[in-house]
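A.B. asks: My structure is below; once you've seen it, I'll send some questions.
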Amino acid sequence: MSQIEGAVAEAAAPLGTPPDSARRAESKWRRRDRRWGYVFIGPQLIGMSIFVVLPFMASMVLAFAQWDGLTDLTWVGLANFTAQFQDPLLLRSIVNTLVIAIITVPIGLGLSIIVAIALEKLKTRTLYLLLFFAPVVTSTVAVAMIWQQMFRADGVLSETIATVFGVTPPDWLGDPSLALIAVCIVTIWASMGLNVVIFLAGLQNISPSVIEAARIDGAGAWRIFRSIRLPLLSPIIFFSSVVAFISSLQTFDTVYILVANAGPDNATRTIVYHIYDLGFGRFEFGPSSAASVILLALTLVITAIQFGAQKKLVHYEEDAA
C-alpha cells in the first residue's frame with residue numbers, strides 16, 4: 001500500500017518535483033487523512049468513554065467501598081462481596097435469571113429455526129418477516145405494557161383460556177409459580193424475530209446442490225435437516241445462543257414494567273433488578289456494584305463454557321475440508 005500511495009503522490013505532484021517533495025506531499029496527505037479519521041471516530045470514543053469505560057471503572061471502585069451518593073466514600077474491602085453472597089435475595093435473583101436463560105434460549109432458538117424453515121419455503125415472505133421483526137424494533141417498555149394488559153385476569157390471554165378450556169383463568173402476574181413463566185413468554189416473543197432473520201439468512205446460504213445430492217441419495221426431510229442443515233447452521237446457532245444468553249442474563253426492563261416490585265415473593269427478581277434495587281432503591285451503591293461484578297463474572301463463566309462446548313458441537317465447513 002505504501003508503494004501505491006507513493007506513486008499516487010508522485011503523480012499528483014507537479015512535473016519536475018523532486019522525490020523528497022513528493023514524499024512530503026504524501027506525508028502531509030496522510031496526516032490530514034489521519035486527522036479526519038480521528039474526527040469521525042471521536043464522537044464514538046467520547047461516548048464509549050463517558051457511558052461505558054468510566055461507569056465500569058467506577059463500579060469496580062465502588063464494589064470495594066460503602067457510599068450512598070451523599071456522604072463520604074468509605075473503603076470496606078471485600079465486605080460488600082461477603083454480604084452479597086450471604087444475601088438470600090442475591091441467590092434468588094441468580095436462580096431466577098438462570099431459569100429465564102435456560103427456558104428462553106433453547107425454546108426461543110428452536111422456534112426461530114422452525115419459523116425460518118417455514119419461511120424459506122415461501123416465495124413471498126416480506127410481510128411475515130416484518131411481522132416477526134416488529135417486536136425487535138419496538139420499545140421493550142411498550143411490549144411489556146401490552147403483555148401486561150394481556151396477562152390481566154380479564155385480559156385477552158386469560159379470557160381465551162377461560163373460553164376455550166372452560167376453566168378459571170390463571171393469575172399470570174400474581175401467582176409466584178406463573179409470574180416467571182410470563183416473563184419468559186414475553187422474552188421469547190420479543191426476541192424471536194431477530195433470530196428468525198439470522199437463521200433464514202443462514203439457511204439461504206446453504207448450497208442447493210448439497211440438498212439436492214442428499215435427496216438423490218434418498219434422504220428425507222428430517223435426515224436432511226439433521227445431517228446437513230443443522231450442522232451447517234451450527235456456527236450461527238452458537239453465535240445466537242451466546243448473544244441470547246448474555247441478553248437473558250441482563251433481563252431488567254421486562255421485569256420492571258411487567259411485574260411490580262419483582263413479582264409476588266420476588267418470583268421475578270433478576271440479578272439486574274437486584275442491582276437496580278440496591279443502587280437506586282436503597283442507595284447502597286457499594287453492594288450494588290459488588291452485585292454487578294458478580295454478574296460480570298457469571299456472564300464470563302457461562303460464555304467460557306459455551307466457547308468450550310463449541311469445539312464438539314459446532315461444525316465449520318473448513319473442518320470438513
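Lettering and numbering for the C-alpha cells are positional, with chains as A, B, ... in the shown order, residues counted from 1 in each chain, and ligands counted from 1 in the shown order.
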Write out as a ChimeraX atom specification each polymer residue whose atoms come within 10 Å of A:Ile117, counting only C-alpha atoms; drop sequence neighbours fewer than 2 positions from it.
C.D. replies: /A:111-115,119-122,196,199-200,203-204,225,229
A.B. asks: For the residues selected in the previous step, produce a file with C-alpha atoms as an mmCIF file, in the first residue's frame.
C.D. replies:
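Done, and the output landed in again-v5.cif:
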```cif
data_model
loop_
_atom_site.group_PDB
_atom_site.id
_atom_site.type_symbol
_atom_site.label_atom_id
_atom_site.label_comp_id
_atom_site.auth_asym_id
_atom_site.auth_seq_id
_atom_site.Cartn_x
_atom_site.Cartn_y
_atom_site.Cartn_z
ATOM 1 C CA LEU A 111 -38.947 -21.830 17.492
ATOM 2 C CA SER A 112 -36.854 -19.436 15.421
ATOM 3 C CA ILE A 113 -35.341 -22.301 13.432
ATOM 4 C CA ILE A 114 -38.786 -23.803 12.796
ATOM 5 C CA VAL A 115 -40.201 -20.478 11.633
ATOM 6 C CA LEU A 119 -40.492 -19.037 5.706
ATOM 7 C CA GLU A 120 -37.747 -20.419 3.478
ATOM 8 C CA LYS A 121 -40.350 -22.389 1.533
ATOM 9 C CA LEU A 122 -42.397 -19.267 0.780
ATOM 10 C CA VAL A 196 -35.646 -15.799 12.554
ATOM 11 C CA PHE A 199 -31.419 -18.283 10.687
ATOM 12 C CA LEU A 200 -33.237 -17.571 7.426
ATOM 13 C CA LEU A 203 -30.495 -21.392 5.503
ATOM 14 C CA GLN A 204 -30.359 -19.444 2.243
ATOM 15 C CA PHE A 225 -32.305 -31.258 8.437
ATOM 16 C CA ARG A 229 -28.938 -28.156 7.597
#
```
A.B. asks: What's around stretch 237-249 of chain A at 9 Å? Count only C-alpha atoms, leave out sequence neighbours fewer than 4 positions away in its own chain, and write the answer as a compact mmCIF listing (two decimals) with C-alpha atoms, in the first residue's frame.
C.D. replies:
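Printed below is around.txt as written:
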```txt
# COMPACT_ATOMS: atom_id res chain seq x y z
CA ILE A 94 -29.32 -15.57 40.27
CA THR A 97 -32.03 -15.23 35.99
CA LEU A 98 -30.63 -18.67 35.16
CA ILE A 100 -35.07 -17.36 32.43
CA ALA A 101 -31.94 -18.10 30.39
CA ILE A 102 -32.44 -21.88 30.44
CA THR A 104 -35.92 -18.71 26.84
CA VAL A 105 -32.71 -19.53 24.96
CA PRO A 106 -33.41 -23.15 23.84
CA GLY A 108 -36.57 -19.24 21.51
CA LEU A 109 -33.84 -20.57 19.22
CA THR A 187 -38.90 -12.53 26.28
CA SER A 191 -36.54 -11.71 20.66
CA ASN A 195 -33.17 -14.95 15.33
CA ILE A 198 -30.49 -14.62 11.13
CA PHE A 199 -31.42 -18.28 10.69
CA LEU A 230 -28.38 -28.31 11.35
CA LEU A 233 -26.30 -23.83 10.82
CA THR A 270 -33.44 -10.96 38.34
CA ILE A 271 -29.86 -10.06 39.17
CA VAL A 272 -30.03 -6.80 37.19
CA LEU A 295 -22.99 -10.62 37.26
CA LEU A 298 -21.27 -15.13 35.92
CA THR A 299 -21.53 -13.91 32.33
CA ILE A 302 -21.24 -19.04 31.06
CA THR A 303 -19.69 -17.59 27.89
CA GLN A 306 -20.23 -22.06 25.61
CA PHE A 307 -16.96 -21.41 23.80
CA GLN A 310 -18.36 -25.25 20.56
CA LEU A 313 -21.00 -29.08 18.95
CA VAL A 314 -20.19 -26.55 16.24
```
A.B. asks: Stretch 65-171 of chain A: which residues are strand (DSSP E or B) by DSSP, as a ChimeraX atom specification?
C.D. replies: /A:65-66,74-75
A.B. asks: Considering only C-alpha atoms, state which residue in the set A:Val186, A:Lys28, A:Leu232, A:Trp75 is at the smallest distance from A:Ser207.
C.D. replies: A:Leu232
A.B. asks: Quick one: everything within 9 Å of A:Pro264, counting only C-alpha atoms, minus sequence neighbours fewer than 6 positions away in the same chain. Send it as a VMD selection string.
C.D. replies: chain A and resid 173 to 176 179
A.B. asks: Based on the selection just made, write N, CA and C atoms of those residues as a short mmCIF file (atom, residue, chain, number, x, y, z; two decimals), in the first residue's frame.
C.D. replies:
```cif
data_model
loop_
_atom_site.label_atom_id
_atom_site.label_comp_id
_atom_site.auth_asym_id
_atom_site.auth_seq_id
_atom_site.Cartn_x
_atom_site.Cartn_y
_atom_site.Cartn_z
N LEU A 173 -49.63 -12.80 36.64
CA LEU A 173 -48.69 -11.88 37.28
C LEU A 173 -48.80 -11.87 38.80
N GLY A 174 -49.80 -12.53 39.35
CA GLY A 174 -49.97 -12.58 40.79
C GLY A 174 -49.59 -13.90 41.42
N ASP A 175 -49.45 -14.93 40.61
CA ASP A 175 -49.09 -16.25 41.09
C ASP A 175 -47.57 -16.41 41.01
N PRO A 176 -46.88 -16.69 42.13
CA PRO A 176 -45.42 -16.82 42.07
C PRO A 176 -44.95 -17.91 41.12
N ALA A 179 -45.56 -16.16 37.38
CA ALA A 179 -45.02 -14.85 37.02
C ALA A 179 -43.74 -14.97 36.21
#
```
A.B. asks: Enumerate the residues of stretch 4-121 of chain A with a DSSP assignment of helix (DSSP H, G or I), computed from the backbone, and present them as JSON, numbers by chain.
C.D. replies: {"A": [4, 5, 6, 7, 8, 9, 10, 11, 12, 19, 20, 21, 22, 23, 24, 25, 26, 27, 28, 29, 30, 31, 32, 33, 34, 35, 36, 37, 38, 39, 40, 41, 42, 43, 44, 45, 46, 47, 48, 49, 50, 51, 52, 53, 54, 55, 56, 57, 58, 59, 60, 61, 62, 79, 80, 81, 82, 83, 84, 85, 88, 89, 90, 91, 92, 93, 94, 95, 96, 97, 98, 99, 100, 101, 102, 103, 104, 105, 106, 107, 108, 109, 110, 111, 112, 113, 114, 115, 116, 117, 118, 119, 120]}
A.B. asks: Take the residues from that selection and write them out as a PDB file, in the first residue's frame, keeping C-alpha atoms.
C.D. replies:
```
ATOM      1  CA  ILE A   4       0.823   2.659  -4.310  1.00  0.00           C
ATOM      2  CA  GLU A   5       0.322   5.727  -2.143  1.00  0.00           C
ATOM      3  CA  GLY A   6       3.819   6.913  -3.058  1.00  0.00           C
ATOM      4  CA  ALA A   7       3.045   6.511  -6.738  1.00  0.00           C
ATOM      5  CA  VAL A   8      -0.182   8.462  -6.302  1.00  0.00           C
ATOM      6  CA  ALA A   9       1.685  11.244  -4.523  1.00  0.00           C
ATOM      7  CA  GLU A  10       4.334  11.417  -7.266  1.00  0.00           C
ATOM      8  CA  ALA A  11       1.661  11.506  -9.954  1.00  0.00           C
ATOM      9  CA  ALA A  12      -0.186  14.297  -8.170  1.00  0.00           C
ATOM     10  CA  PRO A  19      11.209  12.835  -4.915  1.00  0.00           C
ATOM     11  CA  ASP A  20      11.572  14.381  -1.444  1.00  0.00           C
ATOM     12  CA  SER A  21       8.832  16.894  -2.244  1.00  0.00           C
ATOM     13  CA  ALA A  22       6.583  14.047  -3.322  1.00  0.00           C
ATOM     14  CA  ARG A  23       7.284  12.295  -0.044  1.00  0.00           C
ATOM     15  CA  ARG A  24       6.498  15.457   1.883  1.00  0.00           C
ATOM     16  CA  ALA A  25       3.221  15.804  -0.049  1.00  0.00           C
ATOM     17  CA  GLU A  26       2.413  12.189   0.761  1.00  0.00           C
ATOM     18  CA  SER A  27       3.207  12.709   4.428  1.00  0.00           C
ATOM     19  CA  LYS A  28       1.013  15.820   4.518  1.00  0.00           C
ATOM     20  CA  TRP A  29      -1.848  13.900   2.894  1.00  0.00           C
ATOM     21  CA  ARG A  30      -1.520  11.060   5.378  1.00  0.00           C
ATOM     22  CA  ARG A  31      -1.532  13.466   8.349  1.00  0.00           C
ATOM     23  CA  ARG A  32      -4.666  15.162   7.031  1.00  0.00           C
ATOM     24  CA  ASP A  33      -6.320  11.783   6.458  1.00  0.00           C
ATOM     25  CA  ARG A  34      -5.413  10.687   9.974  1.00  0.00           C
ATOM     26  CA  ARG A  35      -6.882  13.862  11.470  1.00  0.00           C
ATOM     27  CA  TRP A  36     -10.171  13.327   9.641  1.00  0.00           C
ATOM     28  CA  GLY A  37     -10.194   9.753  10.884  1.00  0.00           C
ATOM     29  CA  TYR A  38      -9.928  10.970  14.473  1.00  0.00           C
ATOM     30  CA  VAL A  39     -12.735  13.449  13.800  1.00  0.00           C
ATOM     31  CA  PHE A  40     -15.074  10.669  12.622  1.00  0.00           C
ATOM     32  CA  ILE A  41     -14.286   8.200  15.415  1.00  0.00           C
ATOM     33  CA  GLY A  42     -14.081  10.940  18.057  1.00  0.00           C
ATOM     34  CA  PRO A  43     -17.802  11.030  18.982  1.00  0.00           C
ATOM     35  CA  GLN A  44     -17.894   7.259  19.335  1.00  0.00           C
ATOM     36  CA  LEU A  45     -14.766   7.226  21.523  1.00  0.00           C
ATOM     37  CA  ILE A  46     -16.110  10.055  23.681  1.00  0.00           C
ATOM     38  CA  GLY A  47     -19.479   8.346  24.093  1.00  0.00           C
ATOM     39  CA  MET A  48     -17.868   5.000  24.928  1.00  0.00           C
ATOM     40  CA  SER A  49     -15.541   6.638  27.445  1.00  0.00           C
ATOM     41  CA  ILE A  50     -18.368   8.510  29.196  1.00  0.00           C
ATOM     42  CA  PHE A  51     -21.067   5.847  29.162  1.00  0.00           C
ATOM     43  CA  VAL A  52     -19.055   2.583  29.209  1.00  0.00           C
ATOM     44  CA  VAL A  53     -15.466   2.903  30.391  1.00  0.00           C
ATOM     45  CA  LEU A  54     -15.963   5.424  33.206  1.00  0.00           C
ATOM     46  CA  PRO A  55     -19.066   3.680  34.678  1.00  0.00           C
ATOM     47  CA  PHE A  56     -17.254   0.347  34.532  1.00  0.00           C
ATOM     48  CA  MET A  57     -14.222   1.752  36.355  1.00  0.00           C
ATOM     49  CA  ALA A  58     -16.476   3.493  38.883  1.00  0.00           C
ATOM     50  CA  SER A  59     -18.395   0.287  39.600  1.00  0.00           C
ATOM     51  CA  MET A  60     -15.148  -1.611  40.113  1.00  0.00           C
ATOM     52  CA  VAL A  61     -14.039   1.009  42.645  1.00  0.00           C
ATOM     53  CA  LEU A  62     -17.416   1.215  44.416  1.00  0.00           C
ATOM     54  CA  ALA A  79     -17.210  -6.791  52.855  1.00  0.00           C
ATOM     55  CA  ASN A  80     -19.686  -5.978  50.050  1.00  0.00           C
ATOM     56  CA  PHE A  81     -18.999  -9.288  48.304  1.00  0.00           C
ATOM     57  CA  THR A  82     -19.253 -11.206  51.580  1.00  0.00           C
ATOM     58  CA  ALA A  83     -22.584  -9.556  52.376  1.00  0.00           C
ATOM     59  CA  GLN A  84     -23.925 -10.222  48.881  1.00  0.00           C
ATOM     60  CA  PHE A  85     -23.055 -13.912  48.939  1.00  0.00           C
ATOM     61  CA  PRO A  88     -30.751 -14.659  50.086  1.00  0.00           C
ATOM     62  CA  LEU A  89     -32.115 -12.099  47.621  1.00  0.00           C
ATOM     63  CA  LEU A  90     -28.951 -12.360  45.521  1.00  0.00           C
ATOM     64  CA  LEU A  91     -29.248 -16.148  45.402  1.00  0.00           C
ATOM     65  CA  ARG A  92     -32.915 -15.847  44.458  1.00  0.00           C
ATOM     66  CA  SER A  93     -32.015 -13.327  41.757  1.00  0.00           C
ATOM     67  CA  ILE A  94     -29.324 -15.573  40.268  1.00  0.00           C
ATOM     68  CA  VAL A  95     -31.631 -18.598  40.258  1.00  0.00           C
ATOM     69  CA  ASN A  96     -34.435 -16.634  38.574  1.00  0.00           C
ATOM     70  CA  THR A  97     -32.030 -15.229  35.990  1.00  0.00           C
ATOM     71  CA  LEU A  98     -30.631 -18.673  35.162  1.00  0.00           C
ATOM     72  CA  VAL A  99     -34.163 -20.093  34.900  1.00  0.00           C
ATOM     73  CA  ILE A 100     -35.074 -17.363  32.425  1.00  0.00           C
ATOM     74  CA  ALA A 101     -31.941 -18.105  30.391  1.00  0.00           C
ATOM     75  CA  ILE A 102     -32.443 -21.879  30.444  1.00  0.00           C
ATOM     76  CA  ILE A 103     -36.078 -21.551  29.352  1.00  0.00           C
ATOM     77  CA  THR A 104     -35.916 -18.715  26.842  1.00  0.00           C
ATOM     78  CA  VAL A 105     -32.713 -19.530  24.965  1.00  0.00           C
ATOM     79  CA  PRO A 106     -33.410 -23.146  23.842  1.00  0.00           C
ATOM     80  CA  ILE A 107     -37.125 -22.577  23.231  1.00  0.00           C
ATOM     81  CA  GLY A 108     -36.570 -19.242  21.512  1.00  0.00           C
ATOM     82  CA  LEU A 109     -33.839 -20.571  19.217  1.00  0.00           C
ATOM     83  CA  GLY A 110     -35.817 -23.744  18.465  1.00  0.00           C
ATOM     84  CA  LEU A 111     -38.947 -21.830  17.492  1.00  0.00           C
ATOM     85  CA  SER A 112     -36.854 -19.436  15.421  1.00  0.00           C
ATOM     86  CA  ILE A 113     -35.341 -22.301  13.432  1.00  0.00           C
ATOM     87  CA  ILE A 114     -38.786 -23.803  12.796  1.00  0.00           C
ATOM     88  CA  VAL A 115     -40.201 -20.478  11.633  1.00  0.00           C
ATOM     89  CA  ALA A 116     -37.129 -19.795   9.458  1.00  0.00           C
ATOM     90  CA  ILE A 117     -37.500 -23.177   7.731  1.00  0.00           C
ATOM     91  CA  ALA A 118     -41.195 -22.492   7.148  1.00  0.00           C
ATOM     92  CA  LEU A 119     -40.492 -19.037   5.706  1.00  0.00           C
ATOM     93  CA  GLU A 120     -37.747 -20.419   3.478  1.00  0.00           C
TER      94      GLU A 120
END
```
A.B. asks: As an exercise, work out the distance from atom CA of A:His315 to atom CA of A:Asn205 in Å and give it to one decimal place.
C.D. replies: 15.0 Å
A.B. asks: Of the candidates A:Met192, A:Ile275, A:Lys312, A:Ile146, which one gets nearest to A:Ala290 if we count only C-alpha atoms?
C.D. replies: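 Checking each of A:Met192, A:Ile275, A:Lys312, A:Ile146 against A:Ala290, counting only C-alpha atoms, the winner is A:Ile275.
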